[in-house]
file query-v2.cif (mmCIF, C-alpha atoms (C1' of nucleotides))
data_entry
loop_
_atom_site.label_atom_id
_atom_site.label_comp_id
_atom_site.auth_asym_id
_atom_site.auth_seq_id
_atom_site.Cartn_x
_atom_site.Cartn_y
_atom_site.Cartn_z
CA MET Z 1089 0.00 0.00 0.00
CA SER Z 1090 2.26 2.72 -1.26
CA LEU Z 1091 -0.29 5.52 -1.36
CA SER Z 1092 0.02 5.89 2.41
CA HIS Z 1093 3.76 6.23 2.06
CA LEU Z 1094 3.50 8.92 -0.53
CA ILE Z 1095 1.09 10.80 1.69
CA LEU Z 1096 3.53 10.36 4.54
CA GLY Z 1097 6.24 11.92 2.40
CA LEU Z 1098 4.10 14.89 1.46
CA LEU Z 1099 2.90 15.46 5.03
CA GLU Z 1100 6.43 15.25 6.38
CA GLU Z 1101 7.40 18.10 4.11
CA GLN Z 1102 4.33 20.12 5.00
CA PRO Z 1103 1.36 19.22 7.22
CA MET Z 1104 -1.86 19.61 5.28
CA THR Z 1105 -5.44 18.52 4.72
CA GLY Z 1106 -6.86 15.80 2.50
CA TYR Z 1107 -7.99 18.51 0.16
CA ASP Z 1108 -4.45 19.90 -0.11
CA LEU Z 1109 -3.06 16.41 -0.60
CA ASN Z 1110 -5.40 15.87 -3.48
CA LYS Z 1111 -4.14 19.03 -5.12
CA ALA Z 1112 -0.57 17.98 -4.44
CA PHE Z 1113 -1.21 14.71 -6.21
CA GLU Z 1114 -2.77 16.47 -9.14
CA GLN Z 1115 0.09 18.90 -9.44
CA THR Z 1116 3.31 17.74 -7.84
CA ALA Z 1117 3.09 13.98 -7.85
CA GLN Z 1118 1.22 13.63 -11.13
CA HIS Z 1119 4.39 12.40 -12.80
CA PHE Z 1120 4.50 9.13 -10.96
CA TRP Z 1121 1.26 8.50 -9.14
CA THR Z 1122 -2.38 9.11 -9.87
CA THR Z 1123 -5.13 8.53 -7.38
CA GLU Z 1124 -8.72 9.36 -6.67
CA GLN Z 1125 -9.68 11.96 -4.10
CA SER Z 1126 -11.73 9.38 -2.23
CA GLN Z 1127 -8.68 7.15 -1.74
CA ILE Z 1128 -6.80 9.92 -0.02
CA TYR Z 1129 -9.40 10.30 2.71
CA ARG Z 1130 -9.61 6.56 3.19
CA ALA Z 1131 -5.82 6.30 3.36
CA LEU Z 1132 -5.68 9.11 5.93
CA TYR Z 1133 -8.20 7.25 8.03
CA ARG Z 1134 -6.10 4.08 7.92
CA MET Z 1135 -2.94 6.01 8.68
CA GLU Z 1136 -4.54 7.57 11.72
CA GLU Z 1137 -5.55 4.09 12.90
CA ASN Z 1138 -1.95 2.97 12.44
CA GLY Z 1139 -0.73 5.93 14.43
CA TRP Z 1140 1.28 7.33 11.53
CA VAL Z 1141 -0.48 10.69 11.64
CA ASN Z 1142 -2.57 12.74 14.00
CA VAL Z 1143 -5.20 15.32 13.30
CA GLU Z 1144 -5.40 19.00 14.08
CA ASN Z 1145 -8.95 20.27 13.76
CA VAL Z 1146 -9.08 23.80 12.46
CA ILE Z 1147 -12.26 25.86 12.71
CA GLN Z 1148 -12.67 28.24 9.85
CA HIS Z 1149 -15.21 30.97 9.16
CA GLU Z 1150 -14.86 31.79 5.50
CA ASN Z 1151 -14.56 28.14 4.53
CA PRO Z 1152 -15.65 24.77 5.90
CA ASN Z 1153 -13.66 23.51 8.88
CA LYS Z 1154 -10.67 21.40 8.04
CA LYS Z 1155 -8.40 18.69 9.43
CA ILE Z 1156 -4.69 19.23 9.15
CA TYR Z 1157 -2.71 16.00 9.31
CA HIS Z 1158 0.69 15.82 11.00
CA VAL Z 1159 3.17 12.93 10.80
CA THR Z 1160 3.88 11.25 14.13
CA GLU Z 1161 7.20 9.79 15.24
CA ALA Z 1162 5.91 6.33 14.23
CA GLY Z 1163 4.97 7.76 10.85
CA ARG Z 1164 8.43 9.22 10.36
CA ASP Z 1165 9.96 5.84 11.20
CA GLU Z 1166 7.72 4.11 8.70
CA LEU Z 1167 8.54 6.71 6.06
CA ARG Z 1168 12.27 6.27 6.50
CA ARG Z 1169 11.89 2.50 6.42
CA TRP Z 1170 10.00 2.75 3.17
CA LEU Z 1171 12.50 5.13 1.61
CA SER Z 1172 15.35 2.70 2.24
CA ARG Z 1173 13.44 -0.40 1.24
CA PRO Z 1174 14.42 -2.19 -1.99
CA ILE Z 1175 12.22 -1.05 -4.82
CA ALA Z 1176 9.29 -3.40 -5.20
CA THR Z 1177 9.14 -4.78 -8.73
CA THR Z 1178 6.10 -2.97 -10.03
CA THR Z 1179 3.36 -5.18 -11.33
CA LEU Z 1180 3.61 -4.58 -15.04
CA ARG Z 1181 0.32 -3.62 -16.57
CA GLU Z 1182 1.01 -2.04 -19.93
CA GLY Z 1183 -2.18 -2.84 -21.77
CA TRP Z 1184 -1.14 -0.72 -24.73
CA MET Z 1185 1.77 -3.07 -25.40
CA GLY Z 1186 -0.80 -5.81 -25.71
CA GLN Z 1187 -2.52 -3.74 -28.34
CA VAL Z 1188 0.70 -3.78 -30.34
CA TYR Z 1189 1.60 -7.36 -29.50
CA PHE Z 1190 -1.65 -8.59 -31.01
CA GLY Z 1191 -1.51 -6.06 -33.83
CA GLY Z 1192 -1.35 -8.91 -36.32
CA GLN Z 1193 -5.09 -9.34 -35.82
CA VAL Z 1194 -6.00 -5.96 -37.29
CA LYS Z 1195 -4.70 -3.84 -40.16
CA ASN Z 1196 -1.32 -2.15 -39.85
CA SER Z 1197 -3.03 1.19 -40.28
CA ALA Z 1198 -5.23 0.51 -37.25
CA VAL Z 1199 -2.23 -0.15 -35.02
CA ILE Z 1200 -0.44 2.86 -36.42
CA ALA Z 1201 -3.45 5.10 -35.78
CA VAL Z 1202 -3.61 3.94 -32.20
CA LEU Z 1203 0.11 4.51 -31.69
CA GLU Z 1204 0.04 7.93 -33.33
CA ALA Z 1205 -2.75 9.09 -31.06
CA TYR Z 1206 -0.84 7.74 -28.09
CA ARG Z 1207 2.35 9.47 -29.22
CA ASP Z 1208 0.51 12.76 -29.57
CA GLU Z 1209 -0.96 12.43 -26.12
CA LEU Z 1210 2.46 11.71 -24.68
CA LEU Z 1211 3.80 14.73 -26.52
CA ARG Z 1212 1.21 16.97 -24.90
CA ASP Z 1213 2.13 15.60 -21.47
CA LEU Z 1214 5.78 16.14 -22.25
CA GLU Z 1215 5.19 19.74 -23.19
CA GLU Z 1216 3.38 20.31 -19.92
CA SER Z 1217 6.26 18.83 -17.95
CA GLU Z 1218 8.75 20.90 -19.89
CA ALA Z 1219 6.74 24.02 -19.18
CA ILE Z 1220 6.79 23.24 -15.47
CA MET Z 1221 10.53 22.69 -15.63
CA THR Z 1222 11.02 25.97 -17.48
CA SER Z 1223 8.99 27.93 -14.99
CA ILE Z 1224 10.91 26.41 -12.09
CA SER Z 1225 14.21 27.19 -13.75
CA ALA Z 1226 13.10 30.77 -14.27
CA ALA Z 1227 11.90 31.24 -10.71
CA HIS Z 1228 14.77 29.62 -8.81
CA ASP Z 1229 18.50 29.47 -8.85
CA LEU Z 1230 18.68 25.72 -9.28
CA SER Z 1231 22.06 25.44 -7.59
CA LYS Z 1232 20.62 27.04 -4.49
CA LEU Z 1233 17.53 24.89 -4.09
CA PRO Z 1234 17.20 23.14 -0.75
CA ARG Z 1235 18.28 19.50 -0.82
CA ARG Z 1236 14.67 18.38 -0.81
CA GLY Z 1237 13.94 20.47 -3.89
CA GLN Z 1238 16.90 18.97 -5.72
CA PHE Z 1239 15.36 15.53 -5.36
CA HIS Z 1240 12.01 16.83 -6.54
CA LEU Z 1241 13.61 18.39 -9.57
CA LEU Z 1242 15.62 15.28 -10.30
CA VAL Z 1243 12.42 13.25 -10.54
CA LEU Z 1244 10.85 15.83 -12.81
CA ASP Z 1245 13.97 15.80 -14.96
CA PHE Z 1246 13.94 12.01 -15.08
CA GLY Z 1247 10.30 12.05 -16.07
CA ILE Z 1248 11.01 14.37 -18.97
CA ARG Z 1249 13.97 12.34 -20.21
CA ALA Z 1250 12.06 9.10 -19.91
CA GLN Z 1251 9.07 10.59 -21.71
CA ARG Z 1252 11.23 11.82 -24.59
CA ASP Z 1253 12.74 8.38 -25.06
CA HIS Z 1254 9.38 6.78 -24.75
CA ILE Z 1255 7.97 8.95 -27.52
CA ARG Z 1256 11.02 8.21 -29.65
CA HIS Z 1257 10.46 4.49 -29.23
CA ILE Z 1258 6.78 4.77 -30.06
CA GLN Z 1259 7.76 6.55 -33.26
CA TYR Z 1260 10.26 3.80 -33.98
CA MET Z 1261 7.49 1.25 -33.69
CA ILE Z 1262 5.26 3.24 -36.03
CA ASP Z 1263 8.06 3.38 -38.60
CA ARG Z 1264 8.66 -0.34 -38.33
CA ILE Z 1265 5.00 -1.26 -38.63
CA GLN Z 1266 4.74 0.85 -41.76
CA GLN Z 1267 7.03 -1.69 -43.39
CA PHE Z 1268 5.16 -4.75 -42.19
CA PRO Z 1269 3.27 -6.75 -44.81
CA GLU Z 1270 -0.50 -6.38 -44.70
CA GLU Z 1271 -0.88 -10.10 -45.09
CA ASP Z 1272 1.32 -13.11 -44.78
CA ASP Z 1273 3.09 -14.07 -47.92
CA HIS Z 1274 1.75 -17.44 -49.03
CA THR Z 1275 4.11 -18.18 -51.90
CA MET N 1309 -10.45 -4.94 -17.42
CA SER N 1310 -7.67 -5.51 -19.87
CA LEU N 1311 -6.64 -8.96 -18.67
CA SER N 1312 -9.60 -10.47 -20.51
CA HIS N 1313 -8.51 -8.74 -23.67
CA LEU N 1314 -5.00 -10.09 -23.44
CA ILE N 1315 -6.40 -13.56 -22.90
CA LEU N 1316 -8.61 -13.04 -25.91
CA GLY N 1317 -5.55 -12.16 -27.94
CA LEU N 1318 -3.66 -15.24 -26.84
CA LEU N 1319 -6.63 -17.56 -27.40
CA GLU N 1320 -7.26 -16.13 -30.84
CA GLU N 1321 -3.74 -17.10 -31.82
CA GLN N 1322 -4.05 -20.53 -30.27
CA PRO N 1323 -6.90 -22.10 -28.25
CA MET N 1324 -5.61 -23.30 -24.91
CA THR N 1325 -6.28 -23.99 -21.25
CA GLY N 1326 -5.98 -21.74 -18.24
CA TYR N 1327 -2.84 -23.59 -17.36
CA ASP N 1328 -1.32 -22.85 -20.74
CA LEU N 1329 -2.39 -19.23 -20.51
CA ASN N 1330 -0.61 -18.91 -17.23
CA LYS N 1331 2.58 -20.19 -18.79
CA ALA N 1332 2.09 -17.87 -21.73
CA PHE N 1333 1.86 -14.94 -19.35
CA GLU N 1334 4.97 -16.04 -17.51
CA GLN N 1335 6.92 -16.46 -20.72
CA THR N 1336 5.55 -14.54 -23.65
CA ALA N 1337 3.67 -11.68 -22.10
CA GLN N 1338 5.95 -11.13 -19.14
CA HIS N 1339 7.33 -8.01 -20.77
CA PHE N 1340 4.15 -6.03 -20.39
CA TRP N 1341 1.72 -7.79 -18.10
CA THR N 1342 2.00 -9.80 -14.93
CA THR N 1343 -0.90 -11.58 -13.34
CA GLU N 1344 -1.71 -14.26 -10.82
CA GLN N 1345 -2.78 -17.71 -11.91
CA SER N 1346 -6.01 -17.33 -9.97
CA GLN N 1347 -6.97 -14.23 -11.96
CA ILE N 1348 -6.73 -16.14 -15.22
CA TYR N 1349 -9.32 -18.71 -14.19
CA ARG N 1350 -11.60 -16.02 -12.85
CA ALA N 1351 -11.21 -14.02 -16.05
CA LEU N 1352 -12.00 -17.08 -18.15
CA TYR N 1353 -15.16 -17.61 -16.13
CA ARG N 1354 -16.28 -14.03 -16.75
CA MET N 1355 -15.39 -14.28 -20.43
CA GLU N 1356 -17.49 -17.40 -20.76
CA GLU N 1357 -20.39 -15.57 -19.11
CA ASN N 1358 -19.93 -12.73 -21.61
CA GLY N 1359 -19.95 -15.20 -24.45
CA TRP N 1360 -16.44 -14.26 -25.57
CA VAL N 1361 -15.18 -17.82 -25.33
CA ASN N 1362 -16.53 -21.34 -25.17
CA VAL N 1363 -15.13 -24.43 -23.58
CA GLU N 1364 -14.00 -27.72 -25.02
CA ASN N 1365 -13.70 -30.38 -22.33
CA VAL N 1366 -10.87 -32.77 -22.98
CA ILE N 1367 -10.61 -36.06 -21.10
CA GLN N 1368 -7.05 -37.10 -20.51
CA HIS N 1369 -5.54 -40.24 -19.08
CA GLU N 1370 -1.97 -39.39 -18.29
CA ASN N 1371 -2.91 -36.00 -16.83
CA PRO N 1372 -5.97 -34.39 -15.23
CA ASN N 1373 -8.76 -33.49 -17.61
CA LYS N 1374 -8.58 -30.02 -19.08
CA LYS N 1375 -10.73 -27.28 -20.58
CA ILE N 1376 -9.57 -25.76 -23.80
CA TYR N 1377 -10.97 -22.31 -24.43
CA HIS N 1378 -11.91 -21.09 -27.89
CA VAL N 1379 -12.73 -17.52 -28.90
CA THR N 1380 -16.28 -17.03 -30.17
CA GLU N 1381 -17.38 -14.62 -32.88
CA ALA N 1382 -18.44 -12.17 -30.18
CA GLY N 1383 -15.01 -12.54 -28.59
CA ARG N 1384 -13.29 -11.82 -31.89
CA ASP N 1385 -15.42 -8.70 -32.30
CA GLU N 1386 -14.52 -7.54 -28.82
CA LEU N 1387 -10.86 -8.23 -29.44
CA ARG N 1388 -10.80 -6.20 -32.63
CA ARG N 1389 -12.67 -3.38 -30.93
CA TRP N 1390 -10.10 -3.33 -28.15
CA LEU N 1391 -7.15 -3.42 -30.54
CA SER N 1392 -8.39 -0.32 -32.34
CA ARG N 1393 -9.42 1.54 -29.21
CA PRO N 1394 -7.40 4.61 -28.17
CA ILE N 1395 -4.80 3.61 -25.62
CA ALA N 1396 -6.19 4.15 -22.14
CA THR N 1397 -3.91 6.43 -20.14
CA THR N 1398 -2.48 3.95 -17.69
CA THR N 1399 -2.93 4.82 -14.07
CA LEU N 1400 0.58 5.82 -13.06
CA ARG N 1401 1.80 3.96 -10.02
CA GLU N 1402 5.56 4.25 -9.88
CA GLY N 1403 6.18 3.96 -6.19
CA TRP N 1404 9.93 3.89 -6.69
CA MET N 1405 9.83 7.42 -8.08
CA GLY N 1406 8.30 8.43 -4.79
CA GLN N 1407 11.27 6.88 -3.07
CA VAL N 1408 13.51 9.22 -5.02
CA TYR N 1409 11.17 12.20 -4.83
CA PHE N 1410 11.28 12.11 -1.03
CA GLY N 1411 14.97 11.20 -0.99
CA GLY N 1412 15.70 14.41 0.86
CA GLN N 1413 14.41 12.73 3.99
CA VAL N 1414 17.18 10.13 4.13
CA LYS N 1415 20.89 10.13 3.34
CA ASN N 1416 22.08 10.36 -0.24
CA SER N 1417 23.80 7.02 0.17
CA ALA N 1418 20.50 5.39 1.13
CA VAL N 1419 18.79 6.59 -2.05
CA ILE N 1420 21.79 5.59 -4.11
CA ALA N 1421 21.85 2.11 -2.59
CA VAL N 1422 18.18 1.66 -3.42
CA LEU N 1423 18.69 2.86 -6.98
CA GLU N 1424 21.77 0.71 -7.53
CA ALA N 1425 19.93 -2.40 -6.43
CA TYR N 1426 17.07 -1.45 -8.73
CA ARG N 1427 19.44 -0.85 -11.62
CA ASP N 1428 21.06 -4.24 -11.10
CA GLU N 1429 17.71 -5.94 -11.05
CA LEU N 1430 16.71 -4.19 -14.26
CA LEU N 1431 20.02 -5.26 -15.79
CA ARG N 1432 19.31 -8.89 -15.02
CA ASP N 1433 15.88 -8.58 -16.63
CA LEU N 1434 17.44 -6.92 -19.64
CA GLU N 1435 19.92 -9.72 -20.07
CA GLU N 1436 17.10 -12.23 -19.99
CA SER N 1437 15.22 -10.34 -22.66
CA GLU N 1438 18.31 -10.03 -24.78
CA ALA N 1439 18.90 -13.75 -24.46
CA ILE N 1440 15.37 -14.44 -25.66
CA MET N 1441 15.90 -12.09 -28.59
CA THR N 1442 19.18 -13.77 -29.47
CA SER N 1443 17.68 -17.23 -29.40
CA ILE N 1444 14.80 -16.11 -31.59
CA SER N 1445 17.16 -14.49 -34.05
CA ALA N 1446 19.20 -17.67 -34.20
CA ALA N 1447 16.19 -19.92 -34.71
CA HIS N 1448 14.27 -17.91 -37.30
CA ASP N 1449 14.90 -15.94 -40.41
CA LEU N 1450 13.39 -12.73 -39.04
CA SER N 1451 12.43 -11.44 -42.45
CA LYS N 1452 10.31 -14.55 -43.00
CA LEU N 1453 8.37 -14.51 -39.75
CA PRO N 1454 4.60 -14.49 -40.11
CA ARG N 1455 3.07 -11.05 -39.70
CA ARG N 1456 1.86 -11.94 -36.21
CA GLY N 1457 5.39 -12.85 -35.17
CA GLN N 1458 6.72 -9.55 -36.46
CA PHE N 1459 4.43 -7.71 -34.04
CA HIS N 1460 5.51 -9.97 -31.21
CA LEU N 1461 9.12 -9.34 -31.96
CA LEU N 1462 8.55 -5.62 -32.28
CA VAL N 1463 7.20 -5.52 -28.76
CA LEU N 1464 10.13 -7.52 -27.45
CA ASP N 1465 12.49 -5.18 -29.27
CA PHE N 1466 10.72 -2.16 -27.85
CA GLY N 1467 10.94 -3.65 -24.38
CA ILE N 1468 14.68 -4.09 -24.70
CA ARG N 1469 15.23 -0.58 -26.01
CA ALA N 1470 13.05 0.93 -23.31
CA GLN N 1471 14.79 -1.10 -20.63
CA ARG N 1472 18.23 0.04 -21.79
CA ASP N 1473 17.17 3.68 -21.67
CA HIS N 1474 15.53 3.17 -18.34
CA ILE N 1475 18.73 1.76 -16.85
CA ARG N 1476 20.70 4.61 -18.37
CA HIS N 1477 18.37 7.13 -16.72
CA ILE N 1478 18.60 5.38 -13.36
CA GLN N 1479 22.37 5.61 -13.61
CA TYR N 1480 22.05 9.29 -14.48
CA MET N 1481 20.06 9.83 -11.32
CA ILE N 1482 22.64 8.00 -9.25
CA ASP N 1483 25.38 10.18 -10.68
CA ARG N 1484 23.42 13.33 -9.96
CA ILE N 1485 22.57 12.36 -6.40
CA GLN N 1486 26.24 11.68 -5.74
CA GLN N 1487 26.75 15.40 -6.16
CA PHE N 1488 23.89 16.46 -3.93
CA PRO N 1489 24.79 18.07 -0.57
CA GLU N 1490 24.25 15.85 2.44
CA GLU N 1491 22.65 18.74 4.26
CA ASP N 1492 21.27 22.09 3.36
CA ASP N 1493 23.76 24.87 3.42
CA HIS N 1494 22.82 27.24 6.22
CA THR N 1495 25.33 30.04 5.63
"C1'" DC V 603 -32.29 35.35 -4.98
"C1'" DT V 604 -30.43 31.71 -7.18
"C1'" DT V 605 -26.75 29.67 -9.59
"C1'" DG V 606 -22.16 28.28 -9.72
"C1'" DC V 607 -17.57 27.92 -7.82
"C1'" DG V 608 -13.85 26.92 -4.51
"C1'" DT V 609 -13.21 24.84 -0.23
"C1'" DA V 610 -13.72 20.65 2.50
"C1'" DT V 611 -14.87 15.79 4.01
"C1'" DA V 612 -16.92 11.59 3.36
"C1'" DT V 613 -19.72 7.11 2.04
"C1'" DG V 614 -21.75 3.36 -1.20
"C1'" DT V 615 -20.80 -0.18 -4.00
"C1'" DA V 616 -19.22 -3.35 -7.32
"C1'" DA V 617 -15.11 -4.88 -9.31
"C1'" DT V 618 -10.58 -6.40 -8.99
"C1'" DT V 619 -6.44 -7.76 -6.92
"C1'" DG V 620 -2.91 -10.29 -4.20
"C1'" DC V 621 -1.88 -14.03 -1.68
"C1'" DA V 622 -2.88 -18.29 0.28
"C1'" DT V 623 -4.82 -22.63 -0.03
"C1'" DA V 624 -7.45 -26.92 -1.64
"C1'" DT V 625 -7.88 -30.72 -4.64
"C1'" DA V 626 -6.71 -34.32 -7.91
"C1'" DT V 627 -4.02 -37.31 -11.44
"C1'" DG V 628 -0.06 -39.92 -12.95
"C1'" DC V 629 4.89 -40.20 -13.48
"C1'" DG V 630 9.50 -41.13 -12.02
"C1'" DA V 631 13.09 -41.18 -8.55
"C1'" DA V 632 14.83 -42.62 -4.06
"C1'" DT C 651 6.13 -47.04 -1.33
"C1'" DT C 652 6.48 -42.64 -0.48
"C1'" DC C 653 7.94 -38.25 -1.98
"C1'" DG C 654 8.11 -34.58 -5.12
"C1'" DC C 655 6.93 -32.68 -9.51
"C1'" DA C 656 4.29 -31.28 -13.67
"C1'" DT C 657 -0.26 -31.03 -14.97
"C1'" DA C 658 -4.79 -28.96 -14.13
"C1'" DT C 659 -8.69 -26.23 -11.96
"C1'" DA C 660 -10.58 -23.72 -8.49
"C1'" DT C 661 -12.17 -21.10 -3.95
"C1'" DG C 662 -11.62 -17.94 0.31
"C1'" DC C 663 -10.84 -13.64 1.91
"C1'" DA C 664 -9.16 -9.22 3.10
"C1'" DA C 665 -7.47 -5.21 0.91
"C1'" DT C 666 -7.77 -1.93 -2.53
"C1'" DT C 667 -9.56 0.41 -6.37
"C1'" DA C 668 -12.50 3.13 -9.58
"C1'" DC C 669 -16.29 5.76 -10.08
"C1'" DA C 670 -20.27 7.92 -8.52
"C1'" DT C 671 -22.51 10.47 -5.21
"C1'" DA C 672 -23.71 13.11 -0.83
"C1'" DT C 673 -23.17 16.94 2.11
"C1'" DA C 674 -22.15 21.61 3.54
"C1'" DC C 675 -20.23 26.53 3.90
"C1'" DG C 676 -19.58 31.22 2.12
"C1'" DC C 677 -18.70 34.19 -1.62
"C1'" DA C 678 -19.50 36.58 -5.97
"C1'" DA C 679 -21.87 37.28 -10.27
"C1'" DG C 680 -26.01 37.93 -12.68
#
call {"tool": "encode", "arguments": {"input": "query-v2.cif", "output": "structure tokens"}}
result
Amino acid sequence: MSLSHLILGLLEEQPMTGYDLNKAFEQTAQHFWTTEQSQIYRALYRMEENGWVNVENVIQHENPNKKIYHVTEAGRDELRRWLSRPIATTTLREGWMGQVYFGGQVKNSAVIAVLEAYRDELLRDLEESEAIMTSISAAHDLSKLPRRGQFHLLVLDFGIRAQRDHIRHIQYMIDRIQQFPEEDDHT
Amino acid sequence: MSLSHLILGLLEEQPMTGYDLNKAFEQTAQHFWTTEQSQIYRALYRMEENGWVNVENVIQHENPNKKIYHVTEAGRDELRRWLSRPIATTTLREGWMGQVYFGGQVKNSAVIAVLEAYRDELLRDLEESEAIMTSISAAHDLSKLPRRGQFHLLVLDFGIRAQRDHIRHIQYMIDRIQQFPEEDDHT
DNA sequence: CTTGCGTATATGTAATTGCATATATGCGAA
DNA sequence: TTCGCATATATGCAATTACATATACGCAAG
């Protein structure tokens, strides 16, 4: 259950509410983890049960009351344990590769169309990431970022590099498929 | 529920049993999809309910009886629909990136150790894939593979290229982290 | 004065998953 | 003859997920 760990990481940097966490996932962590808003609240509930976080109730007047979550000592321990744990081999679930793998069952042009649309979508994502990177570079002296920020930026940088390669490889596949026969040669 | 579609793809190429499908996933499809044996049987049950497949009961004497699954016309339709469907944006769940993202909360050496172990594991996987590719190249005249096989090989090739880049990027991160300060500079 | 938006937390529910376990056959090795 | 292995199918169960929906406050625009 890694969602709890990611939340732990975010809360350790800055105590916040479920609502804030959701925004953080949409913005900051979007490059490696997507989740539903409802999962965040359920995870926070479990984490509180585990004693990883505790709640500060804040009464507000201009907005609904809110609950700010703080990491406990036990939570910090768990976070550090997770951070040093060998990376769990992610369960591979790349359905799109299946769509190429079985491409022999439709026309080349169908596979190519699917891959081109995918490539274009990835390109849009890439441009977004690059824009974020550009705006960070403009706003900060990168060499003077706090240590924490250097790790954040490293992940963003990795994401951009990986995405570029990924797009390149998709294009490579498109080019290759263009040379595939439409039907088997039965000579 | 993409598992059913992958099963559909495999069965369309060759009718087989749940047991065979499990082996196919372990061997052939390992590069883009991992699943539990139990999920395969449950998926087959659902697919039968949907009318995507039907069952041929085979009585055996040297081994337990088995059920060979065949794709129906409805299943073929569904398969072709899936193959031409826009690629669903995979839910990102790269927990390991979180381990780097929050690396500021442990020592550089801890993050590096985690990444080095990950890199080595990826290298072992890569070598396996390359060995498979080599043995296929040795056994077949690649230019004379049936169309279906060309798609299979393309995916394997893509997997190898992506894996190589991935390892390269992991190494890049390691090199970068080696230059990170151990603590923030409070001058 | 009512409609929509941003803030804020939460539940309902069906599907799906991971992981463990049960069951059964026949073969070959110790 | 007993043990393990490959073959073969299946269930139990808790955890987790996706997706939809409910609730509620205060502000600003029309």
call {"tool": "resolve_selection", "arguments": {"input": "query-v2.cif", "expression": "the PyMOL selection byres ((chain V and resi 625-632) around 12)", "output": "ChimeraX atom specification"}}
result
/N:1367-1374 /V:623-624 /C:651-661
call {"tool": "resolve_selection", "arguments": {"input": "query-v2.cif", "expression": "the PyMOL selection byres ((chain V and resi 619) around 10)", "output": "PyMOL selection string"}}
result
(chain N and resi 1343-1344+1347) or (chain V and resi 617-618+620-621) or (chain C and resi 665-667)
call {"tool": "atom_distance", "arguments": {"input": "query-v2.cif", "atom1": "atom CA of Glu1270 of chain Z", "atom2": "atom CA of Asn1196 of chain Z"}}
result
6.5 Å
call {"tool": "residues_near_point", "arguments": {"input": "query-v2.cif", "point": "(12.4, 22.7, -8.7)", "cutoff": "8 Å", "atoms": "all atoms listed in the file", "output": "list in words"}}
result
Met1221, Ile1224, Ser1225, His1228, Leu1230, Leu1233, Gly1237, Gln1238, His1240 and Leu1241 of chain Z
call {"tool": "resolve_selection", "arguments": {"input": "query-v2.cif", "expression": "the PyMOL selection byres ((chain N) within 7 of (chain Z))", "output": "number ranges by chain"}}
result
N: 1310, 1314, 1317, 1340-1342, 1388, 1391-1395, 1399-1412, 1414, 1418-1419, 1422, 1426, 1454-1456, 1459-1460, 1463, 1466, 1477, 1489, 1491-1492
call {"tool": "atom_distance", "arguments": {"input": "query-v2.cif", "atom1": "atom CA of Asn1145 of chain Z", "atom2": "atom C1' of DT611 of chain V"}}
result
12.3 Å
call {"tool": "atom_distance", "arguments": {"input": "query-v2.cif", "atom1": "atom C1' of DA610 of chain V", "atom2": "atom C1' of DT673 of chain C"}}
result
10.2 Å
call {"tool": "closest_residue", "arguments": {"input": "query-v2.cif", "among": "Z:Ala1112, Z:Tyr1129, Z:Glu1215, Z:Ser1092", "to": "chain V", "atoms": "all atoms listed in the file"}}
result
Z:Tyr1129
call {"tool": "interface_residues", "arguments": {"input": "query-v2.cif", "of": "chain C", "to": "chain Z", "cutoff": "9 Å", "atoms": "all atoms listed in the file", "output": "MDAnalysis selection string"}}
result
chainID C and resid 666:668 674:677
call {"tool": "write_last_selection", "arguments": {"input": "query-v2.cif", "atoms": "C-alpha atoms (C1' of nucleotides)", "output": "compact mmCIF listing (two decimals), in the coordinates of the input"}}
result
# COMPACT_ATOMS: atom_id res chain seq x y z
C1' DT C 666 -7.77 -1.93 -2.53
C1' DT C 667 -9.56 0.41 -6.37
C1' DA C 668 -12.50 3.13 -9.58
C1' DA C 674 -22.15 21.61 3.54
C1' DC C 675 -20.23 26.53 3.90
C1' DG C 676 -19.58 31.22 2.12
C1' DC C 677 -18.70 34.19 -1.62
call {"tool": "closest_residue", "arguments": {"input": "query-v2.cif", "among": "Z:Leu1099, Z:Asn1138, Z:Glu1114, Z:Val1146", "to": "chain V", "atoms": "all atoms listed in the file"}}
result
Z:Val1146
